[in-house]
$ cat target.cif   # mmCIF, N, CA and C atoms
data_target
#
loop_
_atom_site.group_PDB
_atom_site.id
_atom_site.type_symbol
_atom_site.label_atom_id
_atom_site.label_comp_id
_atom_site.auth_asym_id
_atom_site.auth_seq_id
_atom_site.Cartn_x
_atom_site.Cartn_y
_atom_site.Cartn_z
ATOM 1 N N MET A 20 31.211 40.816 11.792
ATOM 2 C CA MET A 20 30.217 40.313 12.722
ATOM 3 C C MET A 20 30.829 39.230 13.591
ATOM 4 N N SER A 21 30.424 39.222 14.798
ATOM 5 C CA SER A 21 30.943 38.197 15.707
ATOM 6 C C SER A 21 30.132 36.913 15.558
ATOM 7 N N SER A 22 30.714 35.825 15.988
ATOM 8 C CA SER A 22 30.021 34.541 15.893
ATOM 9 C C SER A 22 28.772 34.524 16.775
ATOM 10 N N ARG A 23 28.831 35.279 17.857
ATOM 11 C CA ARG A 23 27.662 35.346 18.737
ATOM 12 C C ARG A 23 26.507 36.052 18.032
ATOM 13 N N HIS A 24 26.823 37.116 17.310
ATOM 14 C CA HIS A 24 25.806 37.851 16.567
ATOM 15 C C HIS A 24 25.204 36.966 15.461
ATOM 16 N N LEU A 25 26.035 36.222 14.741
ATOM 17 C CA LEU A 25 25.542 35.328 13.686
ATOM 18 C C LEU A 25 24.648 34.229 14.254
ATOM 19 N N ALA A 26 25.017 33.709 15.405
ATOM 20 C CA ALA A 26 24.210 32.670 16.035
ATOM 21 C C ALA A 26 22.842 33.212 16.416
ATOM 22 N N ARG A 27 22.810 34.440 16.902
ATOM 23 C CA ARG A 27 21.534 35.064 17.272
ATOM 24 C C ARG A 27 20.656 35.280 16.037
ATOM 25 N N LEU A 28 21.250 35.722 14.928
ATOM 26 C CA LEU A 28 20.495 35.907 13.685
ATOM 27 C C LEU A 28 19.948 34.580 13.162
ATOM 28 N N ALA A 29 20.758 33.563 13.209
ATOM 29 C CA ALA A 29 20.320 32.248 12.740
ATOM 30 C C ALA A 29 19.171 31.734 13.592
ATOM 31 N N HIS A 30 19.239 31.965 14.877
ATOM 32 C CA HIS A 30 18.171 31.520 15.777
ATOM 33 C C HIS A 30 16.868 32.248 15.462
ATOM 34 N N ARG A 31 16.942 33.554 15.204
ATOM 35 C CA ARG A 31 15.739 34.319 14.861
ATOM 36 C C ARG A 31 15.129 33.835 13.557
ATOM 37 N N ARG A 32 15.959 33.576 12.564
ATOM 38 C CA ARG A 32 15.454 33.095 11.276
ATOM 39 C C ARG A 32 14.797 31.730 11.408
ATOM 40 N N SER A 33 15.369 30.869 12.212
ATOM 41 C CA SER A 33 14.815 29.530 12.350
ATOM 42 C C SER A 33 13.451 29.571 13.020
ATOM 43 N N ARG A 34 13.202 30.567 13.852
ATOM 44 C CA ARG A 34 11.889 30.681 14.485
ATOM 45 C C ARG A 34 10.842 31.169 13.502
ATOM 46 N N ARG A 35 11.245 31.933 12.501
ATOM 47 C CA ARG A 35 10.293 32.477 11.533
ATOM 48 C C ARG A 35 9.922 31.475 10.454
ATOM 49 N N LEU A 36 10.810 30.597 10.093
ATOM 50 C CA LEU A 36 10.542 29.643 9.026
ATOM 51 C C LEU A 36 9.663 28.512 9.524
ATOM 52 N N PRO A 37 8.693 28.097 8.723
ATOM 53 C CA PRO A 37 7.877 26.959 9.157
ATOM 54 C C PRO A 37 8.730 25.690 9.192
ATOM 55 N N ARG A 38 8.524 24.914 10.212
ATOM 56 C CA ARG A 38 9.310 23.683 10.338
ATOM 57 C C ARG A 38 8.663 22.580 9.525
ATOM 58 N N ARG A 39 9.490 21.854 8.821
ATOM 59 C CA ARG A 39 9.005 20.704 8.056
ATOM 60 C C ARG A 39 9.199 19.460 8.893
ATOM 61 N N ARG A 40 8.155 18.674 8.962
ATOM 62 C CA ARG A 40 8.290 17.428 9.720
ATOM 63 C C ARG A 40 8.958 16.387 8.830
ATOM 64 N N ASN A 41 9.690 15.530 9.446
ATOM 65 C CA ASN A 41 10.363 14.462 8.725
ATOM 66 C C ASN A 41 9.342 13.389 8.383
ATOM 67 N N GLU A 42 9.032 13.225 7.101
ATOM 68 C CA GLU A 42 8.006 12.281 6.663
ATOM 69 C C GLU A 42 8.587 11.158 5.823
ATOM 70 N N ARG A 43 9.883 10.928 5.921
ATOM 71 C CA ARG A 43 10.489 9.870 5.115
ATOM 72 C C ARG A 43 9.945 8.499 5.491
ATOM 73 N N GLY A 44 9.629 8.253 6.740
ATOM 74 C CA GLY A 44 9.163 6.944 7.182
ATOM 75 C C GLY A 44 7.731 6.647 6.818
ATOM 76 N N ILE A 45 6.965 7.659 6.437
ATOM 77 C CA ILE A 45 5.562 7.436 6.107
ATOM 78 C C ILE A 45 5.432 6.571 4.863
ATOM 79 N N THR A 46 6.216 6.810 3.861
ATOM 80 C CA THR A 46 6.147 6.013 2.644
ATOM 81 C C THR A 46 6.457 4.553 2.948
ATOM 82 N N THR A 47 7.433 4.308 3.769
ATOM 83 C CA THR A 47 7.772 2.940 4.149
ATOM 84 C C THR A 47 6.611 2.278 4.861
ATOM 85 N N ALA A 48 5.932 3.002 5.728
ATOM 86 C CA ALA A 48 4.781 2.449 6.442
ATOM 87 C C ALA A 48 3.642 2.143 5.478
ATOM 88 N N GLU A 49 3.433 2.996 4.497
ATOM 89 C CA GLU A 49 2.371 2.751 3.515
ATOM 90 C C GLU A 49 2.676 1.500 2.698
ATOM 91 N N TYR A 50 3.923 1.326 2.300
ATOM 92 C CA TYR A 50 4.289 0.111 1.578
ATOM 93 C C TYR A 50 4.093 -1.127 2.444
ATOM 94 N N ALA A 51 4.423 -1.021 3.711
ATOM 95 C CA ALA A 51 4.270 -2.165 4.614
ATOM 96 C C ALA A 51 2.798 -2.553 4.755
ATOM 97 N N VAL A 52 1.926 -1.579 4.896
ATOM 98 C CA VAL A 52 0.490 -1.859 5.013
ATOM 99 C C VAL A 52 -0.044 -2.459 3.711
ATOM 100 N N GLY A 53 0.362 -1.904 2.590
ATOM 101 C CA GLY A 53 -0.080 -2.432 1.295
ATOM 102 C C GLY A 53 0.407 -3.845 1.054
ATOM 103 N N THR A 54 1.638 -4.127 1.443
ATOM 104 C CA THR A 54 2.187 -5.472 1.284
ATOM 105 C C THR A 54 1.458 -6.468 2.169
ATOM 106 N N ALA A 55 1.175 -6.088 3.403
ATOM 107 C CA ALA A 55 0.451 -6.973 4.320
ATOM 108 C C ALA A 55 -0.966 -7.240 3.813
ATOM 109 N N ALA A 56 -1.632 -6.221 3.297
ATOM 110 C CA ALA A 56 -2.982 -6.394 2.757
ATOM 111 C C ALA A 56 -2.963 -7.303 1.531
ATOM 112 N N GLY A 57 -1.979 -7.113 0.662
ATOM 113 C CA GLY A 57 -1.871 -7.969 -0.525
ATOM 114 C C GLY A 57 -1.591 -9.415 -0.166
ATOM 115 N N ALA A 58 -0.737 -9.624 0.814
ATOM 116 C CA ALA A 58 -0.427 -10.994 1.243
ATOM 117 C C ALA A 58 -1.652 -11.648 1.874
ATOM 118 N N GLY A 59 -2.409 -10.890 2.649
ATOM 119 C CA GLY A 59 -3.635 -11.427 3.249
ATOM 120 C C GLY A 59 -4.665 -11.793 2.198
ATOM 121 N N LEU A 60 -4.844 -10.945 1.202
ATOM 122 C CA LEU A 60 -5.790 -11.231 0.125
ATOM 123 C C LEU A 60 -5.349 -12.440 -0.687
ATOM 124 N N ALA A 61 -4.063 -12.545 -0.961
ATOM 125 C CA ALA A 61 -3.548 -13.700 -1.704
ATOM 126 C C ALA A 61 -3.778 -14.984 -0.918
ATOM 127 N N GLY A 62 -3.562 -14.960 0.393
ATOM 128 C CA GLY A 62 -3.805 -16.135 1.226
ATOM 129 C C GLY A 62 -5.271 -16.535 1.233
ATOM 130 N N LEU A 63 -6.147 -15.546 1.311
ATOM 131 C CA LEU A 63 -7.588 -15.817 1.289
ATOM 132 C C LEU A 63 -8.015 -16.429 -0.045
ATOM 133 N N LEU A 64 -7.552 -15.852 -1.143
ATOM 134 C CA LEU A 64 -7.892 -16.393 -2.463
ATOM 135 C C LEU A 64 -7.349 -17.807 -2.641
ATOM 136 N N TYR A 65 -6.153 -18.050 -2.152
ATOM 137 C CA TYR A 65 -5.569 -19.389 -2.255
ATOM 138 C C TYR A 65 -6.438 -20.412 -1.518
ATOM 139 N N LYS A 66 -6.852 -20.062 -0.304
ATOM 140 C CA LYS A 66 -7.688 -20.970 0.481
ATOM 141 C C LYS A 66 -9.027 -21.216 -0.205
ATOM 142 N N LEU A 67 -9.622 -20.172 -0.752
ATOM 143 C CA LEU A 67 -10.929 -20.324 -1.401
ATOM 144 C C LEU A 67 -10.827 -21.155 -2.678
ATOM 145 N N LEU A 68 -9.813 -20.894 -3.481
ATOM 146 C CA LEU A 68 -9.737 -21.528 -4.787
ATOM 147 C C LEU A 68 -9.150 -22.935 -4.757
ATOM 148 N N THR A 69 -8.456 -23.319 -3.694
ATOM 149 C CA THR A 69 -7.906 -24.675 -3.642
ATOM 150 C C THR A 69 -8.836 -25.640 -2.910
ATOM 151 N N GLY A 70 -9.902 -25.130 -2.336
ATOM 152 C CA GLY A 70 -10.862 -26.006 -1.659
ATOM 153 C C GLY A 70 -11.978 -26.419 -2.610
ATOM 154 N N GLY A 71 -12.987 -27.083 -2.093
ATOM 155 C CA GLY A 71 -14.131 -27.526 -2.899
ATOM 156 C C GLY A 71 -14.895 -26.360 -3.493
ATOM 157 N N PHE A 72 -14.983 -25.265 -2.737
ATOM 158 C CA PHE A 72 -15.680 -24.082 -3.240
ATOM 159 C C PHE A 72 -15.004 -23.536 -4.492
ATOM 160 N N GLY A 73 -13.686 -23.506 -4.479
ATOM 161 C CA GLY A 73 -12.937 -22.991 -5.622
ATOM 162 C C GLY A 73 -13.107 -23.846 -6.856
ATOM 163 N N ASP A 74 -13.105 -25.162 -6.674
ATOM 164 C CA ASP A 74 -13.316 -26.063 -7.811
ATOM 165 C C ASP A 74 -14.676 -25.824 -8.447
ATOM 166 N N GLN A 75 -15.710 -25.721 -7.607
ATOM 167 C CA GLN A 75 -17.071 -25.494 -8.122
ATOM 168 C C GLN A 75 -17.191 -24.127 -8.774
ATOM 169 N N LEU A 76 -16.575 -23.133 -8.176
ATOM 170 C CA LEU A 76 -16.624 -21.781 -8.733
ATOM 171 C C LEU A 76 -15.959 -21.729 -10.105
ATOM 172 N N LEU A 77 -14.781 -22.305 -10.218
ATOM 173 C CA LEU A 77 -14.080 -22.292 -11.506
ATOM 174 C C LEU A 77 -14.825 -23.095 -12.562
ATOM 175 N N LYS A 78 -15.416 -24.230 -12.186
ATOM 176 C CA LYS A 78 -16.180 -25.037 -13.143
ATOM 177 C C LYS A 78 -17.399 -24.263 -13.629
ATOM 178 N N THR A 79 -18.110 -23.624 -12.710
ATOM 179 C CA THR A 79 -19.292 -22.834 -13.082
ATOM 180 C C THR A 79 -18.904 -21.669 -13.985
ATOM 181 N N LEU A 80 -17.838 -20.981 -13.634
ATOM 182 C CA LEU A 80 -17.368 -19.854 -14.438
ATOM 183 C C LEU A 80 -16.954 -20.305 -15.837
ATOM 184 N N PHE A 81 -16.212 -21.394 -15.891
ATOM 185 C CA PHE A 81 -15.764 -21.922 -17.181
ATOM 186 C C PHE A 81 -16.951 -22.334 -18.052
ATOM 187 N N ASP A 82 -17.932 -23.028 -17.454
ATOM 188 C CA ASP A 82 -19.129 -23.430 -18.195
ATOM 189 C C ASP A 82 -19.923 -22.227 -18.697
ATOM 190 N N HIS A 83 -19.999 -21.179 -17.859
ATOM 191 C CA HIS A 83 -20.718 -19.986 -18.252
ATOM 192 C C HIS A 83 -20.034 -19.294 -19.430
ATOM 193 N N VAL A 84 -18.734 -19.176 -19.393
ATOM 194 C CA VAL A 84 -18.001 -18.537 -20.492
ATOM 195 C C VAL A 84 -18.161 -19.356 -21.784
ATOM 196 N N LEU A 85 -18.051 -20.664 -21.674
ATOM 197 C CA LEU A 85 -18.235 -21.504 -22.861
ATOM 198 C C LEU A 85 -19.656 -21.353 -23.414
ATOM 199 N N GLY A 86 -20.646 -21.227 -22.530
ATOM 200 C CA GLY A 86 -22.028 -21.018 -22.966
ATOM 201 C C GLY A 86 -22.188 -19.688 -23.682
ATOM 202 N N LEU A 87 -21.541 -18.652 -23.182
ATOM 203 C CA LEU A 87 -21.615 -17.344 -23.836
ATOM 204 C C LEU A 87 -20.960 -17.368 -25.210
ATOM 205 N N LEU A 88 -19.921 -18.165 -25.342
ATOM 206 C CA LEU A 88 -19.234 -18.260 -26.633
ATOM 207 C C LEU A 88 -19.958 -19.203 -27.604
ATOM 208 N N GLY A 89 -20.952 -19.933 -27.115
ATOM 209 C CA GLY A 89 -21.699 -20.869 -27.947
ATOM 210 C C GLY A 89 -20.967 -22.181 -28.159
ATOM 211 N N ILE A 90 -19.980 -22.490 -27.347
ATOM 212 C CA ILE A 90 -19.207 -23.712 -27.504
ATOM 213 C C ILE A 90 -19.765 -24.820 -26.623
ATOM 214 N N GLY A 91 -20.220 -24.484 -25.418
ATOM 215 C CA GLY A 91 -20.604 -25.495 -24.448
ATOM 216 C C GLY A 91 -22.044 -25.701 -24.289
#
$ encode --input "target.cif" --output "structure tokens"
Amino acid sequence: MSSRHLARLAHRRSRRLPRRRNERGITTAEYAVGTAAGAGLAGLLYKLLTGGFGDQLLKTLFDHVLGLLGIG
């Protein structure tokens, strides 16, 4: 077979096979979105818990747990 004939056969086969899209970058994008969301949530929790609201929330929660245990 000549190289021209082989090239023609390869071209025909490539048209029949379904093409796979390159999806390697999708996983990286998903990790980036998840990391950004986690960092945003951590920042929000830090702001809430280090302010006056966080102190009151933790005190109330702690008192409630102690009450449930019969200690407080």
$ atom_distance --input "target.cif" --atom1 "atom CA of Leu88 of chain A" --atom2 "atom CA of Leu64 of chain A"
26.8 Å
$ atom_distance --input "target.cif" --atom1 "atom CA of Gly86 of chain A" --atom2 "atom CA of Gly71 of chain A"
22.5 Å
$ atom_distance --input "target.cif" --atom1 "atom CA of Thr79 of chain A" --atom2 "atom C of Leu67 of chain A"
13.5 Å
